[in-house]
Amino acid sequence: MVFLASKKAMSLVRLSQGLRVVWSRRPTSLRPCSLVTCSHKNRYASLHPLWQSPITIPGGSRQSPINIQWRDSVYDPHLKPLEIRYDPASCLHMWNNGYCFLVEFEDSTDKSFITGGPLENNYRLKQFHFHWGAINDWGSEHTVDCKVFPAELHLVHWNSCKYSSFEEAVMEDNGLAVIGVFLKIGAFHSGLQELVEVLPSIKHKDMLVEFDEFDPSCLLPSCPDYWTYAGSLTTPPLTESVTWIIKKKPVEVDEDQLEMFRMLLFTSLGEEEKKMVDNFRPLQPLMDRMVRSSFPSQHRLNIEAWSEEHSQRASQQRSLKGTVHL
Ligand SMILES: [Zn+2]
């Protein structure tokens with residue numbers, strides 16, 4: 001998911017201890033939501049404000065997140081390894097936007113970018129953020145064979161070859177590439193801890209703290225394997241501009257580290273406190289999409305076999321339709 005707030009909306013509210021500076025960002029306007037069948041709507045007394053606007057966009061054909069079925073994903077031997085080049089110096093700040101917390105990057109040039117994999121261009125890193133649950137039983141947006149993880153990291157990049165800004169790329173075809181990484185409970189993660197230690201400084205909505213010299217590649221699993229599919233943002237405006245790259249291997253984090261995510265608040269200073277948890281969108285239908293994998297498996301179809309089977313099925317459907325019309 002992605003947020004379109006402008007840096008111009010920031011105003012300095014107070015200085016924190018040490019060198020870090022805490023800012024406040026004025027609330028941005030609510031965006032329309034196309035979430036027709038919000039499955040966790042009934043689970044909560046009220047929806048998060050992000051999802052409360054009138055539904056104005058009909059459901060699309062390539063919405064995210066999805067459940068990835070190992071057996072239905074298709075091995076594509078032509079998929080290249082993903083190349084990740086992040087410059088820690090391009091890291092700017094960390095902020096609580098009232099739905100999750102984000103770490104944003106300087107993106108006027110290709111300082112931090114990805115290329116290769118399923119991508120034909122360079123995609124610049126704009127920001128990364130997480131989704132998580134109230135408890136460890138759920139929290140991720142994507143699932144694998146219906147397995148839910150307690151949290152999911154999204155690294156959001158935009159196509160700097162085809163578009164001139166992130167805001168432009170968000171609305172366009174092949175505009176964005178998002179790397180998704182599942183978090184599971186296990187060993188303490190020293191890279192994540194750098195973020196966790198800053199969270200108390202951005203407990204309330206609209207708080208922002210300077211955060212520099214951070215290399216987010218430390219949050220990625222060492223295994224290069226991934227799935228890729230064509231999808232959408234998972235928050236409004238839900239545009240279908242995203243090439244998703246979901247890493248196969250989760251990364252381990254300590255339970256106490258994830259618990260620190262849950263001390264953040266959806267609410268601003270002075271408002272009745274609402275814990276920042278369950279900030280994920282429910283699963284969306286796969287429809288007529290293929291999920292490709294960069295790695296082979298004995299259960300996996302080869303991409304050529306999939307294409308043949310798919311075209312056979314399509315021609316069967318066409319002839320069936322023809323029969324009905326006659
Ligand atoms: Zn996201």
# chains A, B, ... in the order shown; residues from 1 in each chain; ligands from 1
$ closest_atom_pairs --of "chain A" --to "ligand 1" --cutoff "10 Å" --atoms "only C-alpha atoms and all ligand atoms" --output "JSON lines"
{"residue": "A:Met1", "atom": "CA", "partner": "ligand 1", "partner_atom_place_in_ligand_line": "1 (Zn)", "distance": 3.6}
{"residue": "A:Val2", "atom": "CA", "partner": "ligand 1", "partner_atom_place_in_ligand_line": "1 (Zn)", "distance": 6.5}
{"residue": "A:Phe3", "atom": "CA", "partner": "ligand 1", "partner_atom_place_in_ligand_line": "1 (Zn)", "distance": 9.4}
{"residue": "A:Ser64", "atom": "CA", "partner": "ligand 1", "partner_atom_place_in_ligand_line": "1 (Zn)", "distance": 9.9}
{"residue": "A:Pro65", "atom": "CA", "partner": "ligand 1", "partner_atom_place_in_ligand_line": "1 (Zn)", "distance": 9.3}
{"residue": "A:Cys100", "atom": "CA", "partner": "ligand 1", "partner_atom_place_in_ligand_line": "1 (Zn)", "distance": 8.7}
{"residue": "A:Leu102", "atom": "CA", "partner": "ligand 1", "partner_atom_place_in_ligand_line": "1 (Zn)", "distance": 9.6}
{"residue": "A:Phe128", "atom": "CA", "partner": "ligand 1", "partner_atom_place_in_ligand_line": "1 (Zn)", "distance": 7.9}
{"residue": "A:His129", "atom": "CA", "partner": "ligand 1", "partner_atom_place_in_ligand_line": "1 (Zn)", "distance": 6.2}
{"residue": "A:Phe130", "atom": "CA", "partner": "ligand 1", "partner_atom_place_in_ligand_line": "1 (Zn)", "distance": 6.1}
{"residue": "A:His131", "atom": "CA", "partner": "ligand 1", "partner_atom_place_in_ligand_line": "1 (Zn)", "distance": 6.3}
{"residue": "A:Ser140", "atom": "CA", "partner": "ligand 1", "partner_atom_place_in_ligand_line": "1 (Zn)", "distance": 9.4}
{"residue": "A:Glu141", "atom": "CA", "partner": "ligand 1", "partner_atom_place_in_ligand_line": "1 (Zn)", "distance": 7.8}
{"residue": "A:Glu152", "atom": "CA", "partner": "ligand 1", "partner_atom_place_in_ligand_line": "1 (Zn)", "distance": 7.8}
{"residue": "A:Leu153", "atom": "CA", "partner": "ligand 1", "partner_atom_place_in_ligand_line": "1 (Zn)", "distance": 7.0}
{"residue": "A:His154", "atom": "CA", "partner": "ligand 1", "partner_atom_place_in_ligand_line": "1 (Zn)", "distance": 5.1}
{"residue": "A:Leu155", "atom": "CA", "partner": "ligand 1", "partner_atom_place_in_ligand_line": "1 (Zn)", "distance": 7.9}
{"residue": "A:Val156", "atom": "CA", "partner": "ligand 1", "partner_atom_place_in_ligand_line": "1 (Zn)", "distance": 8.1}
{"residue": "A:Val178", "atom": "CA", "partner": "ligand 1", "partner_atom_place_in_ligand_line": "1 (Zn)", "distance": 8.4}
{"residue": "A:Ile179", "atom": "CA", "partner": "ligand 1", "partner_atom_place_in_ligand_line": "1 (Zn)", "distance": 9.5}
{"residue": "A:Gly180", "atom": "CA", "partner": "ligand 1", "partner_atom_place_in_ligand_line": "1 (Zn)", "distance": 8.2}
{"residue": "A:Leu233", "atom": "CA", "partner": "ligand 1", "partner_atom_place_in_ligand_line": "1 (Zn)", "distance": 7.5}
{"residue": "A:Thr234", "atom": "CA", "partner": "ligand 1", "partner_atom_place_in_ligand_line": "1 (Zn)", "distance": 6.2}
{"residue": "A:Thr235", "atom": "CA", "partner": "ligand 1", "partner_atom_place_in_ligand_line": "1 (Zn)", "distance": 7.5}
{"residue": "A:Asn279", "atom": "CA", "partner": "ligand 1", "partner_atom_place_in_ligand_line": "1 (Zn)", "distance": 9.0}
{"residue": "A:Phe280", "atom": "CA", "partner": "ligand 1", "partner_atom_place_in_ligand_line": "1 (Zn)", "distance": 7.7}
{"residue": "A:Arg281", "atom": "CA", "partner": "ligand 1", "partner_atom_place_in_ligand_line": "1 (Zn)", "distance": 8.8}
$ select_by_dssp --residues "segment 37-183 of chain A" --states "strand (DSSP E or B)" --output "ChimeraX atom specification"
/A:67-68,74-75,82-85,91-96,101-105,113-116,123-132,143-144,147,151-159,176-183
$ atom_distance --atom1 "atom CA of Thr109 of chain A" --atom2 "atom CA of Gln127 of chain A"
14.3 Å
$ closest_residue --among "A:Asp288, A:Asp225, A:Phe182, A:Val209" --to "Tyr75 of chain A" --atoms "only C-alpha atoms"
A:Asp225
$ residues_around --residues "Ser268 of chain A" --least-positions-apart "5" --cutoff "8 Å" --atoms "only C-alpha atoms" --output "PyMOL selection string"
chain A and resi 98+204-206+273
$ write_last_selection --atoms "N, CA and C atoms" --output "mmCIF file, in the first residue's frame"
data_model
loop_
_atom_site.group_PDB
_atom_site.id
_atom_site.type_symbol
_atom_site.label_atom_id
_atom_site.label_comp_id
_atom_site.auth_asym_id
_atom_site.auth_seq_id
_atom_site.Cartn_x
_atom_site.Cartn_y
_atom_site.Cartn_z
ATOM 1 N N GLY A 98 -1.014 7.177 10.882
ATOM 2 C CA GLY A 98 -2.355 6.889 11.392
ATOM 3 C C GLY A 98 -2.907 5.562 10.899
ATOM 4 N N HIS A 204 2.062 8.411 18.397
ATOM 5 C CA HIS A 204 0.785 8.968 17.948
ATOM 6 C C HIS A 204 0.788 9.268 16.456
ATOM 7 N N LYS A 205 -0.398 9.283 15.903
ATOM 8 C CA LYS A 205 -0.598 9.647 14.498
ATOM 9 C C LYS A 205 0.027 11.014 14.190
ATOM 10 N N ASP A 206 0.621 11.129 13.016
ATOM 11 C CA ASP A 206 1.214 12.365 12.488
ATOM 12 C C ASP A 206 2.563 12.730 13.103
ATOM 13 N N GLU A 273 -7.389 6.806 22.764
ATOM 14 C CA GLU A 273 -6.356 5.948 22.171
ATOM 15 C C GLU A 273 -6.934 4.707 21.487
#
$ select_by_dssp --residues "segment 39-238 of chain A" --states "helix (DSSP H, G or I)" --output "PDB file with N, CA and C atoms, in the first residue's frame"
ATOM      1  N   PRO A  49     -10.617   4.881   9.687  1.00  0.00           N
ATOM      2  CA  PRO A  49     -11.059   5.992   8.818  1.00  0.00           C
ATOM      3  C   PRO A  49     -10.622   5.843   7.363  1.00  0.00           C
ATOM      4  N   LEU A  50      -9.496   5.181   7.144  1.00  0.00           N
ATOM      5  CA  LEU A  50      -9.012   4.996   5.779  1.00  0.00           C
ATOM      6  C   LEU A  50     -10.047   4.294   4.894  1.00  0.00           C
ATOM      7  N   TRP A  51     -10.856   3.440   5.533  1.00  0.00           N
ATOM      8  CA  TRP A  51     -11.817   2.638   4.772  1.00  0.00           C
ATOM      9  C   TRP A  51     -13.257   3.115   4.935  1.00  0.00           C
ATOM     10  N   PRO A  88      22.169   3.600   2.149  1.00  0.00           N
ATOM     11  CA  PRO A  88      21.663   3.955   3.493  1.00  0.00           C
ATOM     12  C   PRO A  88      21.524   5.463   3.685  1.00  0.00           C
ATOM     13  N   ALA A  89      22.342   6.248   2.964  1.00  0.00           N
ATOM     14  CA  ALA A  89      22.313   7.711   3.134  1.00  0.00           C
ATOM     15  C   ALA A  89      21.040   8.340   2.569  1.00  0.00           C
ATOM     16  N   SER A  90      20.288   7.591   1.736  1.00  0.00           N
ATOM     17  CA  SER A  90      19.064   8.163   1.163  1.00  0.00           C
ATOM     18  C   SER A  90      17.861   8.040   2.106  1.00  0.00           C
ATOM     19  N   PHE A 166       6.828   9.777  -8.131  1.00  0.00           N
ATOM     20  CA  PHE A 166       6.089   8.700  -7.482  1.00  0.00           C
ATOM     21  C   PHE A 166       4.585   8.902  -7.671  1.00  0.00           C
ATOM     22  N   GLU A 167       4.123  10.140  -7.492  1.00  0.00           N
ATOM     23  CA  GLU A 167       2.693  10.444  -7.575  1.00  0.00           C
ATOM     24  C   GLU A 167       2.145  10.120  -8.962  1.00  0.00           C
ATOM     25  N   GLU A 168       2.950  10.342  -9.988  1.00  0.00           N
ATOM     26  CA  GLU A 168       2.531  10.010 -11.353  1.00  0.00           C
ATOM     27  C   GLU A 168       2.512   8.485 -11.541  1.00  0.00           C
ATOM     28  N   ALA A 169       3.556   7.832 -11.066  1.00  0.00           N
ATOM     29  CA  ALA A 169       3.699   6.385 -11.262  1.00  0.00           C
ATOM     30  C   ALA A 169       2.582   5.595 -10.588  1.00  0.00           C
ATOM     31  N   VAL A 170       2.090   6.096  -9.461  1.00  0.00           N
ATOM     32  CA  VAL A 170       1.049   5.391  -8.696  1.00  0.00           C
ATOM     33  C   VAL A 170      -0.176   5.100  -9.560  1.00  0.00           C
ATOM     34  N   SER A 190      18.385  -7.969  14.585  1.00  0.00           N
ATOM     35  CA  SER A 190      19.112  -6.752  14.983  1.00  0.00           C
ATOM     36  C   SER A 190      18.830  -5.582  14.041  1.00  0.00           C
ATOM     37  N   GLY A 191      18.588  -5.875  12.750  1.00  0.00           N
ATOM     38  CA  GLY A 191      18.260  -4.797  11.812  1.00  0.00           C
ATOM     39  C   GLY A 191      16.925  -4.160  12.145  1.00  0.00           C
ATOM     40  N   LEU A 192      15.936  -5.001  12.428  1.00  0.00           N
ATOM     41  CA  LEU A 192      14.604  -4.493  12.796  1.00  0.00           C
ATOM     42  C   LEU A 192      14.663  -3.692  14.090  1.00  0.00           C
ATOM     43  N   GLN A 193      15.558  -4.085  14.980  1.00  0.00           N
ATOM     44  CA  GLN A 193      15.647  -3.420  16.282  1.00  0.00           C
ATOM     45  C   GLN A 193      15.957  -1.927  16.141  1.00  0.00           C
ATOM     46  N   GLU A 194      16.703  -1.580  15.088  1.00  0.00           N
ATOM     47  CA  GLU A 194      16.998  -0.156  14.856  1.00  0.00           C
ATOM     48  C   GLU A 194      15.703   0.632  14.675  1.00  0.00           C
ATOM     49  N   LEU A 195      14.720   0.024  14.012  1.00  0.00           N
ATOM     50  CA  LEU A 195      13.412   0.668  13.838  1.00  0.00           C
ATOM     51  C   LEU A 195      12.625   0.646  15.143  1.00  0.00           C
ATOM     52  N   VAL A 196      12.625  -0.519  15.789  1.00  0.00           N
ATOM     53  CA  VAL A 196      11.825  -0.713  17.008  1.00  0.00           C
ATOM     54  C   VAL A 196      12.181   0.326  18.069  1.00  0.00           C
ATOM     55  N   LEU A 199      10.297   3.590  17.603  1.00  0.00           N
ATOM     56  CA  LEU A 199       8.823   3.598  17.615  1.00  0.00           C
ATOM     57  C   LEU A 199       8.196   4.435  18.742  1.00  0.00           C
ATOM     58  N   PRO A 200       8.748   4.399  19.968  1.00  0.00           N
ATOM     59  CA  PRO A 200       8.126   5.232  21.018  1.00  0.00           C
ATOM     60  C   PRO A 200       8.086   6.723  20.658  1.00  0.00           C
ATOM     61  N   SER A 201       8.994   7.157  19.777  1.00  0.00           N
ATOM     62  CA  SER A 201       9.020   8.584  19.376  1.00  0.00           C
ATOM     63  C   SER A 201       7.901   8.939  18.407  1.00  0.00           C
ATOM     64  N   ILE A 202       7.278   7.926  17.807  1.00  0.00           N
ATOM     65  CA  ILE A 202       6.201   8.186  16.842  1.00  0.00           C
ATOM     66  C   ILE A 202       4.942   7.428  17.247  1.00  0.00           C
ATOM     67  N   PRO A 216      17.635  -0.833   4.215  1.00  0.00           N
ATOM     68  CA  PRO A 216      16.536  -1.792   4.420  1.00  0.00           C
ATOM     69  C   PRO A 216      16.813  -3.184   3.858  1.00  0.00           C
ATOM     70  N   SER A 217      17.913  -3.363   3.112  1.00  0.00           N
ATOM     71  CA  SER A 217      18.192  -4.718   2.622  1.00  0.00           C
ATOM     72  C   SER A 217      18.492  -5.660   3.793  1.00  0.00           C
ATOM     73  N   CYS A 218      18.797  -5.102   4.972  1.00  0.00           N
ATOM     74  CA  CYS A 218      19.011  -5.967   6.151  1.00  0.00           C
ATOM     75  C   CYS A 218      17.709  -6.631   6.595  1.00  0.00           C
ATOM     76  N   LEU A 219      16.573  -6.140   6.085  1.00  0.00           N
ATOM     77  CA  LEU A 219      15.269  -6.710   6.460  1.00  0.00           C
ATOM     78  C   LEU A 219      14.831  -7.818   5.495  1.00  0.00           C
TER      79      LEU A 219
END
$ residues_around --residues "Tyr226 of chain A" --least-positions-apart "6" --cutoff "10 Å" --atoms "only C-alpha atoms" --output "PDB file with C-alpha atoms, in the first residue's frame"
ATOM      1  CA  LEU A  79      12.853 -14.668 -14.466  1.00  0.00           C
ATOM      2  CA  PRO A  81      17.472 -12.566 -10.032  1.00  0.00           C
ATOM      3  CA  LEU A  82      16.272  -9.370  -8.414  1.00  0.00           C
ATOM      4  CA  GLY A 117      13.701  -9.905 -11.577  1.00  0.00           C
ATOM      5  CA  ILE A 179       8.695  -6.267  -2.484  1.00  0.00           C
ATOM      6  CA  GLY A 180       6.727  -8.181   0.159  1.00  0.00           C
ATOM      7  CA  VAL A 181       8.474 -10.023   2.998  1.00  0.00           C
ATOM      8  CA  TRP A 244       4.355  -7.577  -6.679  1.00  0.00           C
ATOM      9  CA  ILE A 245       7.516  -9.457  -5.740  1.00  0.00           C
ATOM     10  CA  ILE A 246       6.788 -11.670  -2.738  1.00  0.00           C
ATOM     11  CA  LYS A 247       9.829 -13.279  -1.132  1.00  0.00           C
ATOM     12  CA  LYS A 248       9.402 -16.998  -0.526  1.00  0.00           C
ATOM     13  CA  LYS A 249      11.323 -17.155   2.776  1.00  0.00           C
ATOM     14  CA  ARG A 292       5.048 -16.896 -11.446  1.00  0.00           C
ATOM     15  CA  SER A 293       7.856 -18.256  -9.298  1.00  0.00           C
ATOM     16  CA  SER A 294      11.577 -17.678  -9.771  1.00  0.00           C
ATOM     17  CA  PHE A 295      12.312 -21.146  -8.410  1.00  0.00           C
TER      18      PHE A 295
END
$ decode --residues "segment 155-196 of chain A" --atoms "N, CA and C atoms" --output "JSON list (two decimals), in the first residue's frame"
[["chain", "number", "residue", "atom", "x", "y", "z"],
["A", 155, "LEU", "N", 8.22, -2.98, 0.67],
["A", 155, "LEU", "CA", 9.17, -1.97, 0.18],
["A", 155, "LEU", "C", 8.64, -1.46, -1.14],
["A", 156, "VAL", "N", 8.29, -0.17, -1.18],
["A", 156, "VAL", "CA", 7.56, 0.41, -2.31],
["A", 156, "VAL", "C", 8.51, 1.20, -3.21],
["A", 157, "HIS", "N", 8.53, 0.85, -4.50],
["A", 157, "HIS", "CA", 9.42, 1.48, -5.49],
["A", 157, "HIS", "C", 8.59, 1.98, -6.67],
["A", 158, "TRP", "N", 9.09, 3.01, -7.36],
["A", 158, "TRP", "CA", 8.38, 3.52, -8.54],
["A", 158, "TRP", "C", 9.29, 3.56, -9.75],
["A", 159, "ASN", "N", 8.68, 3.43, -10.92],
["A", 159, "ASN", "CA", 9.40, 3.29, -12.19],
["A", 159, "ASN", "C", 9.97, 4.66, -12.63],
["A", 160, "SER", "N", 11.26, 4.84, -12.39],
["A", 160, "SER", "CA", 11.87, 6.14, -12.66],
["A", 160, "SER", "C", 12.31, 6.28, -14.12],
["A", 161, "CYS", "N", 12.18, 5.21, -14.92],
["A", 161, "CYS", "CA", 12.49, 5.30, -16.36],
["A", 161, "CYS", "C", 11.26, 5.82, -17.12],
["A", 162, "LYS", "N", 10.06, 5.38, -16.71],
["A", 162, "LYS", "CA", 8.85, 5.75, -17.45],
["A", 162, "LYS", "C", 8.15, 6.98, -16.87],
["A", 163, "TYR", "N", 8.37, 7.27, -15.60],
["A", 163, "TYR", "CA", 7.60, 8.34, -14.96],
["A", 163, "TYR", "C", 8.53, 9.33, -14.25],
["A", 164, "SER", "N", 8.00, 10.54, -14.02],
["A", 164, "SER", "CA", 8.85, 11.58, -13.45],
["A", 164, "SER", "C", 8.69, 11.73, -11.94],
["A", 165, "SER", "N", 7.66, 11.12, -11.38],
["A", 165, "SER", "CA", 7.49, 11.21, -9.93],
["A", 165, "SER", "C", 6.72, 9.99, -9.42],
["A", 166, "PHE", "N", 6.83, 9.78, -8.13],
["A", 166, "PHE", "CA", 6.09, 8.70, -7.48],
["A", 166, "PHE", "C", 4.58, 8.90, -7.67],
["A", 167, "GLU", "N", 4.12, 10.14, -7.49],
["A", 167, "GLU", "CA", 2.69, 10.44, -7.57],
["A", 167, "GLU", "C", 2.14, 10.12, -8.96],
["A", 168, "GLU", "N", 2.95, 10.34, -9.99],
["A", 168, "GLU", "CA", 2.53, 10.01, -11.35],
["A", 168, "GLU", "C", 2.51, 8.49, -11.54],
["A", 169, "ALA", "N", 3.56, 7.83, -11.07],
["A", 169, "ALA", "CA", 3.70, 6.39, -11.26],
["A", 169, "ALA", "C", 2.58, 5.59, -10.59],
["A", 170, "VAL", "N", 2.09, 6.10, -9.46],
["A", 170, "VAL", "CA", 1.05, 5.39, -8.70],
["A", 170, "VAL", "C", -0.18, 5.10, -9.56],
["A", 171, "MET", "N", -0.48, 6.01, -10.49],
["A", 171, "MET", "CA", -1.71, 5.89, -11.27],
["A", 171, "MET", "C", -1.51, 5.14, -12.58],
["A", 172, "GLU", "N", -0.29, 4.73, -12.90],
["A", 172, "GLU", "CA", 0.00, 4.24, -14.25],
["A", 172, "GLU", "C", 0.40, 2.76, -14.27],
["A", 173, "ASP", "N", 0.25, 2.20, -15.47],
["A", 173, "ASP", "CA", 0.65, 0.82, -15.71],
["A", 173, "ASP", "C", 2.15, 0.68, -15.49],
["A", 174, "ASN", "N", 2.56, -0.42, -14.89],
["A", 174, "ASN", "CA", 3.99, -0.64, -14.58],
["A", 174, "ASN", "C", 4.59, 0.52, -13.80],
["A", 175, "GLY", "N", 3.78, 1.17, -13.00],
["A", 175, "GLY", "CA", 4.26, 2.32, -12.24],
["A", 175, "GLY", "C", 5.04, 1.95, -10.98],
["A", 176, "LEU", "N", 4.58, 0.90, -10.30],
["A", 176, "LEU", "CA", 5.17, 0.55, -9.00],
["A", 176, "LEU", "C", 5.65, -0.90, -8.96],
["A", 177, "ALA", "N", 6.65, -1.12, -8.12],
["A", 177, "ALA", "CA", 7.09, -2.50, -7.80],
["A", 177, "ALA", "C", 7.22, -2.57, -6.29],
["A", 178, "VAL", "N", 6.52, -3.52, -5.68],
["A", 178, "VAL", "CA", 6.56, -3.65, -4.23],
["A", 178, "VAL", "C", 7.11, -5.03, -3.86],
["A", 179, "ILE", "N", 8.15, -5.01, -3.02],
["A", 179, "ILE", "CA", 8.69, -6.27, -2.48],
["A", 179, "ILE", "C", 7.96, -6.56, -1.18],
["A", 180, "GLY", "N", 7.40, -7.76, -1.07],
["A", 180, "GLY", "CA", 6.73, -8.18, 0.16],
["A", 180, "GLY", "C", 7.57, -9.23, 0.88],
["A", 181, "VAL", "N", 7.71, -9.06, 2.18],
["A", 181, "VAL", "CA", 8.47, -10.02, 3.00],
["A", 181, "VAL", "C", 7.63, -10.40, 4.21],
["A", 182, "PHE", "N", 7.43, -11.70, 4.41],
["A", 182, "PHE", "CA", 6.68, -12.16, 5.58],
["A", 182, "PHE", "C", 7.59, -12.14, 6.82],
["A", 183, "LEU", "N", 6.99, -11.77, 7.96],
["A", 183, "LEU", "CA", 7.70, -11.84, 9.25],
["A", 183, "LEU", "C", 7.11, -13.00, 10.03],
["A", 184, "LYS", "N", 7.97, -13.82, 10.62],
["A", 184, "LYS", "CA", 7.48, -14.87, 11.52],
["A", 184, "LYS", "C", 8.21, -14.78, 12.85],
["A", 185, "ILE", "N", 7.60, -15.33, 13.87],
["A", 185, "ILE", "CA", 8.19, -15.25, 15.21],
["A", 185, "ILE", "C", 9.36, -16.24, 15.31],
["A", 186, "GLY", "N", 10.48, -15.75, 15.79],
["A", 186, "GLY", "CA", 11.67, -16.59, 15.93],
["A", 186, "GLY", "C", 12.78, -15.81, 16.59],
["A", 187, "ALA", "N", 13.93, -15.77, 15.92],
["A", 187, "ALA", "CA", 15.12, -15.14, 16.51],
["A", 187, "ALA", "C", 15.00, -13.61, 16.51],
["A", 188, "PHE", "N", 15.69, -13.00, 17.43],
["A", 188, "PHE", "CA", 15.80, -11.54, 17.51],
["A", 188, "PHE", "C", 16.43, -11.02, 16.22],
["A", 189, "HIS", "N", 15.89, -9.91, 15.69],
["A", 189, "HIS", "CA", 16.39, -9.35, 14.42],
["A", 189, "HIS", "C", 17.07, -8.01, 14.72],
["A", 190, "SER", "N", 18.39, -7.97, 14.59],
["A", 190, "SER", "CA", 19.11, -6.75, 14.98],
["A", 190, "SER", "C", 18.83, -5.58, 14.04],
["A", 191, "GLY", "N", 18.59, -5.87, 12.75],
["A", 191, "GLY", "CA", 18.26, -4.80, 11.81],
["A", 191, "GLY", "C", 16.92, -4.16, 12.14],
["A", 192, "LEU", "N", 15.94, -5.00, 12.43],
["A", 192, "LEU", "CA", 14.60, -4.49, 12.80],
["A", 192, "LEU", "C", 14.66, -3.69, 14.09],
["A", 193, "GLN", "N", 15.56, -4.08, 14.98],
["A", 193, "GLN", "CA", 15.65, -3.42, 16.28],
["A", 193, "GLN", "C", 15.96, -1.93, 16.14],
["A", 194, "GLU", "N", 16.70, -1.58, 15.09],
["A", 194, "GLU", "CA", 17.00, -0.16, 14.86],
["A", 194, "GLU", "C", 15.70, 0.63, 14.68],
["A", 195, "LEU", "N", 14.72, 0.02, 14.01],
["A", 195, "LEU", "CA", 13.41, 0.67, 13.84],
["A", 195, "LEU", "C", 12.62, 0.65, 15.14],
["A", 196, "VAL", "N", 12.62, -0.52, 15.79],
["A", 196, "VAL", "CA", 11.82, -0.71, 17.01],
["A", 196, "VAL", "C", 12.18, 0.33, 18.07]]
